[in-house]
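Student: The file below is run_16.txt, compact mmCIF, C-alpha atoms:
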```txt
# COMPACT_ATOMS: atom_id res chain seq x y z
CA MET W 1 99.79 204.56 80.85
CA ASP W 2 102.72 205.65 78.66
CA ARG W 3 106.25 206.06 79.96
CA ASP W 4 106.18 209.87 80.09
CA THR W 5 102.98 209.85 82.13
CA ALA W 6 104.46 207.30 84.51
CA MET W 7 107.57 209.44 84.91
CA ASP W 8 105.54 212.55 85.70
CA THR W 9 103.26 210.69 88.08
CA GLY W 10 106.13 208.98 89.89
CA ALA W 11 108.07 212.20 90.24
CA ALA W 12 105.03 214.03 91.59
CA MET W 13 104.39 211.28 94.11
CA ASN W 14 107.99 211.39 95.27
CA ARG W 15 107.90 215.16 95.77
CA ALA W 16 104.55 215.12 97.57
CA ALA W 17 105.52 212.23 99.80
CA GLU W 18 108.84 213.62 100.97
CA GLY W 19 109.41 212.15 104.40
CA ALA W 20 106.28 209.96 104.26
CA ALA W 21 106.13 206.34 105.33
CA GLU W 22 107.19 204.01 102.55
CA ARG W 23 105.92 200.63 101.39
CA THR W 24 108.42 198.82 99.18
CA VAL W 25 107.03 196.47 96.54
CA LEU W 26 109.28 194.14 94.56
CA VAL W 27 108.08 193.27 91.06
CA ILE W 28 109.65 189.96 90.02
CA GLY W 29 109.55 189.57 86.26
CA ALA W 30 109.27 193.31 85.76
CA THR W 31 109.92 193.17 82.02
CA GLY W 32 107.31 190.49 81.32
CA ASN W 33 103.95 191.26 79.73
CA VAL W 34 102.24 191.69 83.10
CA GLY W 35 105.18 192.93 85.18
CA ARG W 36 105.79 195.78 82.75
CA GLN W 37 102.22 196.89 83.42
CA VAL W 38 102.44 196.40 87.19
CA VAL W 39 105.36 198.82 87.58
CA PRO W 40 103.72 202.02 86.19
CA GLN W 41 100.36 201.15 87.73
CA LEU W 42 102.03 200.90 91.13
CA LEU W 43 103.65 204.29 90.57
CA ALA W 44 100.25 205.80 89.85
CA THR W 45 98.58 204.28 92.91
CA ASP W 46 97.60 206.42 95.89
CA VAL W 47 98.02 204.06 98.85
CA GLY W 48 96.84 206.53 101.45
CA VAL W 49 97.73 209.66 103.36
CA GLY W 50 101.27 209.49 104.68
CA VAL W 51 102.22 206.37 102.71
CA ARG W 52 104.04 206.15 99.40
CA VAL W 53 104.94 203.14 97.28
CA HIS W 54 108.57 202.53 96.45
CA VAL W 55 108.83 200.21 93.43
CA ARG W 56 111.77 197.86 93.06
CA ALA W 57 111.98 195.94 89.79
CA LEU W 58 113.89 192.68 89.35
CA THR W 59 115.17 191.91 85.87
CA ARG W 60 118.03 189.99 84.30
CA HIS W 61 119.10 192.92 82.15
CA PRO W 62 118.71 196.23 84.01
CA ASP W 63 120.52 198.31 81.40
CA SER W 64 118.09 197.34 78.63
CA ALA W 65 114.96 196.92 80.73
CA GLY W 66 113.49 200.32 79.89
CA LEU W 67 112.37 200.81 83.50
CA ALA W 68 114.53 203.74 84.54
CA TYR W 69 111.68 206.18 85.14
CA GLY W 70 109.58 207.65 87.92
CA GLY W 71 111.73 206.54 90.82
CA VAL W 72 111.79 202.83 89.98
CA GLU W 73 114.74 201.05 91.57
CA VAL W 74 115.97 198.44 89.10
CA ARG W 75 117.88 195.43 90.43
CA ALA W 76 119.70 192.70 88.50
CA GLY W 77 118.65 189.11 89.12
CA ASP W 78 116.06 186.44 88.50
CA LEU W 79 114.46 183.49 90.25
CA ALA W 80 117.37 181.23 89.38
CA ASP W 81 119.83 183.65 91.01
CA ALA W 82 119.49 183.01 94.75
CA ARG W 83 121.93 185.74 95.78
CA GLY W 84 120.40 188.37 93.53
CA LEU W 85 116.90 187.51 94.71
CA GLU W 86 117.91 187.63 98.36
CA GLU W 87 119.52 191.04 97.94
CA ALA W 88 116.53 192.38 96.03
CA LEU W 89 114.20 191.29 98.84
CA GLU W 90 116.00 193.27 101.53
CA GLY W 91 113.58 195.82 102.98
CA VAL W 92 110.65 194.67 100.83
CA ASP W 93 107.11 194.60 102.26
CA ARG W 94 105.19 192.97 99.42
CA ALA W 95 106.11 191.16 96.23
CA PHE W 96 104.60 190.36 92.86
CA LEU W 97 105.73 186.93 91.67
CA MET W 98 105.41 185.39 88.24
CA TRP W 99 106.62 181.87 87.48
CA PRO W 100 108.57 181.49 84.21
CA PHE W 101 109.50 177.81 84.60
CA HIS W 102 107.73 174.68 83.34
CA THR W 103 108.29 172.90 86.67
CA ALA W 104 108.16 173.93 90.33
CA ASP W 105 111.62 172.55 91.12
CA ALA W 106 113.04 175.97 92.03
CA ALA W 107 109.98 177.04 94.01
CA PRO W 108 110.95 175.89 97.54
CA ALA W 109 114.04 178.11 97.61
CA VAL W 110 112.17 181.07 96.12
CA VAL W 111 109.24 180.80 98.53
CA ASP W 112 111.61 180.40 101.46
CA ALA W 113 113.39 183.61 100.47
CA LEU W 114 110.07 185.43 100.19
CA ARG W 115 109.00 184.10 103.60
CA ARG W 116 112.07 185.57 105.26
CA HIS W 117 111.49 189.06 103.92
CA VAL W 118 107.96 189.96 102.84
CA GLU W 119 104.55 190.00 104.47
CA HIS W 120 102.44 189.34 101.37
CA VAL W 121 103.00 187.89 97.90
CA VAL W 122 100.73 188.28 94.89
CA PHE W 123 101.33 185.25 92.70
CA LEU W 124 100.57 185.26 88.98
CA SER W 125 99.36 181.69 88.76
CA SER W 126 97.45 180.11 85.87
CA GLY W 127 93.87 179.54 84.83
CA ALA W 128 94.94 175.96 84.15
CA VAL W 129 94.95 175.26 87.91
CA GLN W 130 91.83 173.35 88.89
CA ASP W 131 90.33 173.61 92.37
CA GLY W 132 90.09 170.44 94.40
CA LEU W 133 93.06 168.72 92.77
CA ALA W 134 96.50 168.26 94.28
CA PRO W 135 99.39 169.58 92.18
CA GLY W 136 100.26 166.10 90.92
CA GLN W 137 96.64 165.50 89.89
CA GLN W 138 96.36 168.60 87.73
CA ARG W 139 95.59 167.63 84.14
CA HIS W 140 97.70 170.27 82.41
CA PRO W 141 101.48 170.65 82.88
CA VAL W 142 101.14 174.40 83.40
CA GLY W 143 98.47 173.73 86.00
CA ARG W 144 100.73 171.23 87.79
CA SER W 145 103.67 173.60 88.13
CA HIS W 146 101.60 176.59 89.19
CA ALA W 147 99.48 174.57 91.61
CA ALA W 148 102.69 173.36 93.26
CA VAL W 149 103.90 176.94 93.70
CA GLU W 150 100.49 177.96 95.05
CA ARG W 151 100.62 175.21 97.66
CA LEU W 152 104.12 176.15 98.79
CA ILE W 153 103.07 179.77 99.22
CA GLU W 154 99.94 178.80 101.13
CA ARG W 155 101.93 176.64 103.54
CA SER W 156 104.71 179.19 104.06
CA GLY W 157 102.94 181.44 106.52
CA LEU W 158 103.00 184.34 104.04
CA GLY W 159 100.00 186.47 103.28
CA TRP W 160 99.03 185.65 99.71
CA THR W 161 96.78 186.37 96.75
CA HIS W 162 96.64 184.06 93.73
CA LEU W 163 95.73 185.40 90.29
CA ARG W 164 94.49 182.76 87.85
CA PRO W 165 94.22 184.44 84.45
CA SER W 166 92.58 183.01 81.38
CA THR W 167 94.45 183.02 78.05
CA PHE W 168 96.60 186.12 77.60
CA ALA W 169 95.62 188.30 74.64
CA SER W 170 99.37 188.74 74.12
CA ASN W 171 99.54 185.11 72.98
CA THR W 172 98.20 186.32 69.63
CA LEU W 173 101.58 187.96 69.08
CA TRP W 174 102.65 184.49 67.96
CA TRP W 175 100.90 185.40 64.72
CA ALA W 176 102.65 188.75 64.28
CA ASP W 177 105.12 187.57 61.62
CA GLN W 178 102.34 185.98 59.56
CA ILE W 179 100.22 189.14 59.79
CA ARG W 180 103.07 191.48 58.92
CA THR W 181 103.78 189.52 55.75
CA GLY W 182 100.27 188.59 54.62
CA ASP W 183 96.55 188.49 55.30
CA VAL W 184 96.26 184.86 56.36
CA VAL W 185 97.00 183.28 59.75
CA ARG W 186 97.58 179.54 59.59
CA GLY W 187 97.17 177.26 62.58
CA ALA W 188 95.34 174.32 64.13
CA TYR W 189 92.19 174.23 66.28
CA GLY W 190 90.72 177.47 64.97
CA ALA W 191 87.41 176.73 66.70
CA VAL W 192 88.92 176.69 70.21
CA PRO W 193 87.02 179.21 72.38
CA MET W 194 88.96 181.47 74.75
CA ALA W 195 88.28 184.41 77.09
CA LEU W 196 91.30 186.52 76.12
CA LEU W 197 92.62 188.83 78.82
CA HIS W 198 94.50 192.13 78.50
CA GLU W 199 97.72 192.16 80.54
CA ALA W 200 96.83 195.63 81.86
CA ASP W 201 93.75 194.14 83.56
CA ILE W 202 95.81 191.41 85.23
CA ALA W 203 98.19 194.11 86.47
CA ALA W 204 95.32 196.25 87.76
CA VAL W 205 94.09 193.41 89.97
CA ALA W 206 97.64 192.66 91.10
CA VAL W 207 98.22 196.29 92.09
CA ARG W 208 95.03 196.35 94.18
CA ALA W 209 96.18 193.22 96.01
CA LEU W 210 99.65 194.71 96.53
CA THR W 211 98.49 198.04 97.88
CA GLU W 212 95.17 197.38 99.64
CA GLU W 213 94.06 195.28 102.56
CA GLY W 214 91.34 192.67 102.18
CA HIS W 215 92.93 190.45 99.52
CA ASP W 216 94.65 187.93 101.79
CA LYS W 217 93.98 184.29 100.86
CA ALA W 218 91.97 185.36 97.83
CA VAL W 219 92.03 183.34 94.61
CA TYR W 220 90.99 185.55 91.68
CA THR W 221 89.88 183.90 88.46
CA LEU W 222 90.40 186.52 85.76
CA THR W 223 88.98 186.51 82.24
CA GLY W 224 88.35 188.88 79.42
CA PRO W 225 84.76 189.99 78.74
CA GLU W 226 84.04 187.80 75.70
CA ILE W 227 84.50 184.27 74.40
CA LEU W 228 86.30 184.19 71.07
CA THR W 229 87.58 181.42 68.82
CA GLN W 230 90.94 181.76 67.14
CA VAL W 231 89.05 182.50 63.93
CA ASP W 232 87.31 185.39 65.72
CA GLN W 233 90.59 186.64 67.15
CA VAL W 234 92.23 186.92 63.73
CA ARG W 235 89.25 188.82 62.36
CA ILE W 236 89.22 191.26 65.29
CA ILE W 237 92.96 191.94 65.03
CA GLY W 238 92.41 192.72 61.35
CA GLU W 239 89.65 195.18 62.21
CA ALA W 240 91.89 196.89 64.76
CA ILE W 241 94.79 197.34 62.34
CA GLY W 242 92.60 198.20 59.34
CA ARG W 243 93.22 195.10 57.23
CA PRO W 244 90.96 192.12 56.52
CA LEU W 245 92.57 188.99 57.95
CA ARG W 246 91.39 185.40 57.81
CA TRP W 247 92.21 182.09 59.45
CA GLU W 248 93.40 179.05 57.49
CA GLU W 249 93.02 175.74 59.30
CA LEU W 250 96.01 173.39 59.38
CA SER W 251 96.25 169.82 60.53
CA ARG W 252 97.79 169.33 63.94
CA GLU W 253 101.00 167.95 62.42
CA ALA W 254 101.31 170.82 59.95
CA ALA W 255 100.79 173.31 62.77
CA ARG W 256 103.35 171.46 64.87
CA GLN W 257 105.98 171.71 62.15
CA GLN W 258 105.20 175.39 61.66
CA LEU W 259 105.73 176.10 65.37
CA LEU W 260 108.93 174.04 65.49
CA ALA W 261 110.28 176.10 62.61
CA ASP W 262 109.56 179.34 64.48
CA ASP W 263 112.75 180.39 66.27
CA THR W 264 110.77 182.66 68.60
CA PHE W 265 108.59 179.82 69.92
CA PRO W 266 110.06 177.36 72.47
CA ASP W 267 110.19 173.85 71.00
CA SER W 268 109.52 172.33 74.43
CA PHE W 269 106.13 174.05 74.56
CA VAL W 270 104.82 173.10 71.11
CA ASP W 271 103.15 169.81 72.04
CA THR W 272 101.96 171.23 75.35
CA LEU W 273 100.21 174.04 73.48
CA LEU W 274 98.60 171.80 70.88
CA ASP W 275 97.54 169.24 73.48
CA GLY W 276 95.98 172.05 75.47
CA TYR W 277 94.05 173.31 72.45
CA ALA W 278 92.74 169.82 71.74
CA GLU W 279 91.52 169.52 75.34
CA MET W 280 89.93 172.98 75.24
CA LEU W 281 88.04 172.06 72.08
CA ASP W 282 86.48 169.05 73.81
CA ALA W 283 85.94 170.76 77.17
CA PRO W 284 82.82 172.68 78.24
CA ARG W 285 82.71 176.18 76.79
CA PRO W 286 84.57 178.62 79.06
CA VAL W 287 82.69 181.24 81.04
CA THR W 288 83.66 184.82 81.73
CA THR W 289 84.02 186.33 85.19
CA THR W 290 83.48 189.86 86.46
CA THR W 291 86.43 189.68 88.83
CA VAL W 292 88.49 192.33 87.02
CA GLU W 293 85.71 194.88 87.42
CA GLU W 294 84.91 193.85 91.00
CA VAL W 295 88.52 194.13 92.19
CA ALA W 296 90.03 196.79 89.93
CA GLY W 297 86.97 198.98 89.52
CA GLY W 298 86.66 198.91 85.73
CA PRO W 299 85.39 196.41 83.17
CA ALA W 300 87.87 194.05 81.53
CA ARG W 301 89.17 195.30 78.20
CA THR W 302 88.10 193.64 74.95
CA LEU W 303 90.44 191.98 72.48
CA HIS W 304 89.75 194.87 70.09
CA GLN W 305 91.06 197.30 72.72
CA TRP W 306 94.13 195.12 73.23
CA ALA W 307 94.76 194.92 69.47
CA VAL W 308 94.50 198.70 69.11
CA ASP W 309 97.04 199.06 71.95
CA HIS W 310 99.39 196.63 70.17
CA ALA W 311 98.65 197.52 66.55
CA ALA W 312 102.28 198.45 65.88
CA ASP W 313 103.34 194.89 66.65
CA PHE W 314 101.33 193.61 63.69
CA ARG W 315 102.36 196.23 61.12
```
Translate this file's structure into structure tokens.
Tutor:
Amino acid sequence: MDRDTAMDTGAAMNRAAEGAAERTVLVIGATGNVGRQVVPQLLATDVGVGVRVHVRALTRHPDSAGLAYGGVEVRAGDLADARGLEEALEGVDRAFLMWPFHTADAAPAVVDALRRHVEHVVFLSSGAVQDGLAPGQQRHPVGRSHAAVERLIERSGLGWTHLRPSTFASNTLWWADQIRTGDVVRGAYGAVPMALLHEADIAAVAVRALTEEGHDKAVYTLTGPEILTQVDQVRIIGEAIGRPLRWEELSREAARQQLLADDTFPDSFVDTLLDGYAEMLDAPRPVTTTTVEEVAGGPARTLHQWAVDHAADFR
């Protein structure tokens, strides 16, 4: 949904629901890849007769967030700002939570604040979390931090839904500079297979869990509809933008130096990423799920669809 459509839809909902009961949903991380999709999808959701959704968006930079449309209430704050979070939670019924940190150190205070205010939280967890393992036993650092947050939520007394997405299709934006300036993408572990997932599909499942009953204590494993190597991904992006692109394999160390030289990529995540790719290459081939279609009512979007949606980012 584009911004103008969201504005029209939100305004229509507000007019039609004058005086109706209101459910307030806080979107934490509203300017992230998924949160930015959750907001307009919530605005377009018909919760039921006599009920309307009021969307409150939490962001560090309200003035530049680009969220001032369709009745969205934008609040300043983030998960590291206890006062701002507490104020944003006043009067909230349900919350969408993403976790931007590499550890769960801040999670107890955040979950405690949620517990005092909301009835249900939809947590954007990680596909790296493995069932049957305690947080400290998780093999991947991302899995450890997200599993720790999951456990805190589960023990809080809150209603909850965990979303465990596979690799985000938006991760391919790491290649955008290379693609804008040439026809070759250079990196390591080109044969790594992934089930890339469109952020709009993650948001669609989140919105169902935020606005419907029947999702309490559900753990949703979300994937895209196809398994693609990085070599495949580069080719498909090229097809979507109308240019032939190819992958050039680098050694791990060469790829590491390339990522460290990229000012847009966090240095602290370079080795984590490459270690993860090495493990994925040796692990059993991933499998796709039909959870997006089962929960959201439509099939998961392909990488080609995602690349068409984001073609301007590569040109």
Student: Can you tell me how far CA of Ala307 in chain W sits from CA of Gln233 in chain W, in Å to one decimal?
Tutor: 9.6 Å
Student: Could you give me, as a tab-separated table, a per-residue list for range 6-112 of chain W showing, wherever an atom lies at most 12 Å from an atom of range 130-150 of chain W, the closest pair of atoms and their distance in Å to one decimal, using all atoms listed in the file and sorting by chain then residue number from low to high?
Tutor:
```
residue	atom	partner	partner_atom	distance
W:Leu97	CA	W:Val149	CA	10.4
W:Met98	CA	W:His146	CA	9.6
W:Trp99	CA	W:His146	CA	7.5
W:Pro100	CA	W:His146	CA	9.9
W:Phe101	CA	W:Ser145	CA	8.0
W:His102	CA	W:Ser145	CA	6.4
W:Thr103	CA	W:Ser145	CA	4.9
W:Ala104	CA	W:Ser145	CA	5.0
W:Asp105	CA	W:Ser145	CA	8.6
W:Ala106	CA	W:Val149	CA	9.3
W:Ala107	CA	W:Val149	CA	6.1
W:Pro108	CA	W:Val149	CA	8.1
W:Ala109	CA	W:Val149	CA	10.9
W:Val110	CA	W:Val149	CA	9.6
W:Val111	CA	W:Val149	CA	8.2
W:Asp112	CA	W:Val149	CA	11.5
```
Student: With C-alpha atoms retained, could you export that selection as a PDB file, keeping the file's coordinate frame?
Tutor:
```pdb
ATOM      1  CA  LEU W  97     105.730 186.930  91.670  1.00  0.00           C
ATOM      2  CA  MET W  98     105.410 185.390  88.240  1.00  0.00           C
ATOM      3  CA  TRP W  99     106.620 181.870  87.480  1.00  0.00           C
ATOM      4  CA  PRO W 100     108.570 181.490  84.210  1.00  0.00           C
ATOM      5  CA  PHE W 101     109.500 177.810  84.600  1.00  0.00           C
ATOM      6  CA  HIS W 102     107.730 174.680  83.340  1.00  0.00           C
ATOM      7  CA  THR W 103     108.290 172.900  86.670  1.00  0.00           C
ATOM      8  CA  ALA W 104     108.160 173.930  90.330  1.00  0.00           C
ATOM      9  CA  ASP W 105     111.620 172.550  91.120  1.00  0.00           C
ATOM     10  CA  ALA W 106     113.040 175.970  92.030  1.00  0.00           C
ATOM     11  CA  ALA W 107     109.980 177.040  94.010  1.00  0.00           C
ATOM     12  CA  PRO W 108     110.950 175.890  97.540  1.00  0.00           C
ATOM     13  CA  ALA W 109     114.040 178.110  97.610  1.00  0.00           C
ATOM     14  CA  VAL W 110     112.170 181.070  96.120  1.00  0.00           C
ATOM     15  CA  VAL W 111     109.240 180.800  98.530  1.00  0.00           C
ATOM     16  CA  ASP W 112     111.610 180.400 101.460  1.00  0.00           C
TER      17      ASP W 112
END
```
Student: Give me the residues of range 97-214 of chain W that have any atom at most 12 Å from an atom of range 26-32 of chain W; for each, the nearest atom pair and the distance in Å, rounded to one decimal. Use all atoms listed in the file, sort by chain and number, and format it as a Markdown table.
Tutor:
```
| residue | atom | partner | partner_atom | distance |
| --- | --- | --- | --- | --- |
| W:Leu97 | CA | W:Ile28 | CA | 5.2 |
| W:Met98 | CA | W:Gly29 | CA | 6.2 |
| W:Trp99 | CA | W:Gly29 | CA | 8.3 |
| W:Pro100 | CA | W:Gly29 | CA | 8.4 |
| W:Phe101 | CA | W:Gly29 | CA | 11.9 |
| W:Val110 | CA | W:Ile28 | CA | 11.1 |
| W:Leu114 | CA | W:Leu26 | CA | 10.4 |
| W:His117 | CA | W:Leu26 | CA | 10.9 |
| W:Val118 | CA | W:Leu26 | CA | 9.4 |
| W:Glu119 | CA | W:Leu26 | CA | 11.7 |
| W:His120 | CA | W:Leu26 | CA | 10.8 |
| W:Val121 | CA | W:Leu26 | CA | 9.5 |
| W:Val122 | CA | W:Val27 | CA | 9.7 |
| W:Phe123 | CA | W:Ile28 | CA | 9.9 |
| W:Leu124 | CA | W:Ile28 | CA | 10.3 |
| W:Ser170 | CA | W:Gly32 | CA | 10.9 |
| W:Glu199 | CA | W:Gly32 | CA | 9.8 |
| W:Ala200 | CA | W:Gly32 | CA | 11.7 |
| W:Ala203 | CA | W:Val27 | CA | 10.9 |
| W:Ala206 | CA | W:Val27 | CA | 10.5 |
| W:Val207 | CA | W:Val27 | CA | 10.4 |
| W:Leu210 | CA | W:Leu26 | CA | 9.8 |
| W:Thr211 | CA | W:Leu26 | CA | 11.9 |
```
Student: Rank nothing, just name the residue among W:Val287, W:Ala113, W:Ile241, W:Leu67 nearest to Arg83 in chain W, using only C-alpha atoms.
Tutor: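 Going through W:Val287, W:Ala113, W:Ile241, W:Leu67 one by one, the smallest distance to Arg83 in chain W is for W:Ala113.
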Student: Kindly indicate which residue among W:Asp267, W:Glu213, W:Asp177, W:Asp282 lies nearest to Ala191 in chain W, using all atoms listed in the file for the distances.
Tutor: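 Ranking W:Asp267, W:Glu213, W:Asp177, W:Asp282 by distance to Ala191 in chain W, first place goes to W:Asp282.
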Student: Tell me which of W:His310, W:Arg115, W:His61, W:His54 sits closest to Thr172 in chain W, counting only C-alpha atoms.
Tutor: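 Of the candidates, the smallest distance to Thr172 in chain W is held by W:His310.
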Student: List every protein, DNA or RNA residue that has at least one atom no more than 10 Å from (111.0, 203.3, 89.7) in the file's coordinates, counting only C-alpha atoms, and write the result as a list in words.
Tutor: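 These residues have at least one counted atom within 10 Å: Ala6, Met7, Gly10, Ala11, Val39, Pro40, Leu42, Leu43, Val53, His54, Val55, Arg56, Ala57, Leu67, Ala68, Tyr69, Gly70, Gly71, Val72, Glu73 and Val74 of chain W.
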Student: Report, in Å to a single decimal, how far apart CA of Glu90 in chain W and CA of Val295 in chain W are.
Tutor: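 Going from CA of Val295 in chain W over to CA of Glu90 in chain W covers 29.0 Å.
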Student: Rounded to one decimal, what separation in Å do you get between CA of Gln258 in chain W and CA of Leu197 in chain W?
Tutor: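 CA of Gln258 in chain W sits 25.2 Å away from CA of Leu197 in chain W.
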Student: When distances are computed from all atoms listed in the file, which of W:Asp201, W:Asp63, W:Glu87, W:Glu226 shows the smallest separation from Arg285 in chain W?
Tutor: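 Ranking W:Asp201, W:Asp63, W:Glu87, W:Glu226 by distance to Arg285 in chain W, first place goes to W:Glu226.
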Student: For Ile227 in chain W, which of W:Ser126, W:Thr24, W:Thr161, W:Thr289 is the closest residue, counting only C-alpha atoms?
Tutor: W:Thr289
Student: Nearest residue to Pro299 in chain W out of W:Ala312, W:Val25, W:Leu222, W:Ala65, using only C-alpha atoms?
Tutor: W:Leu222
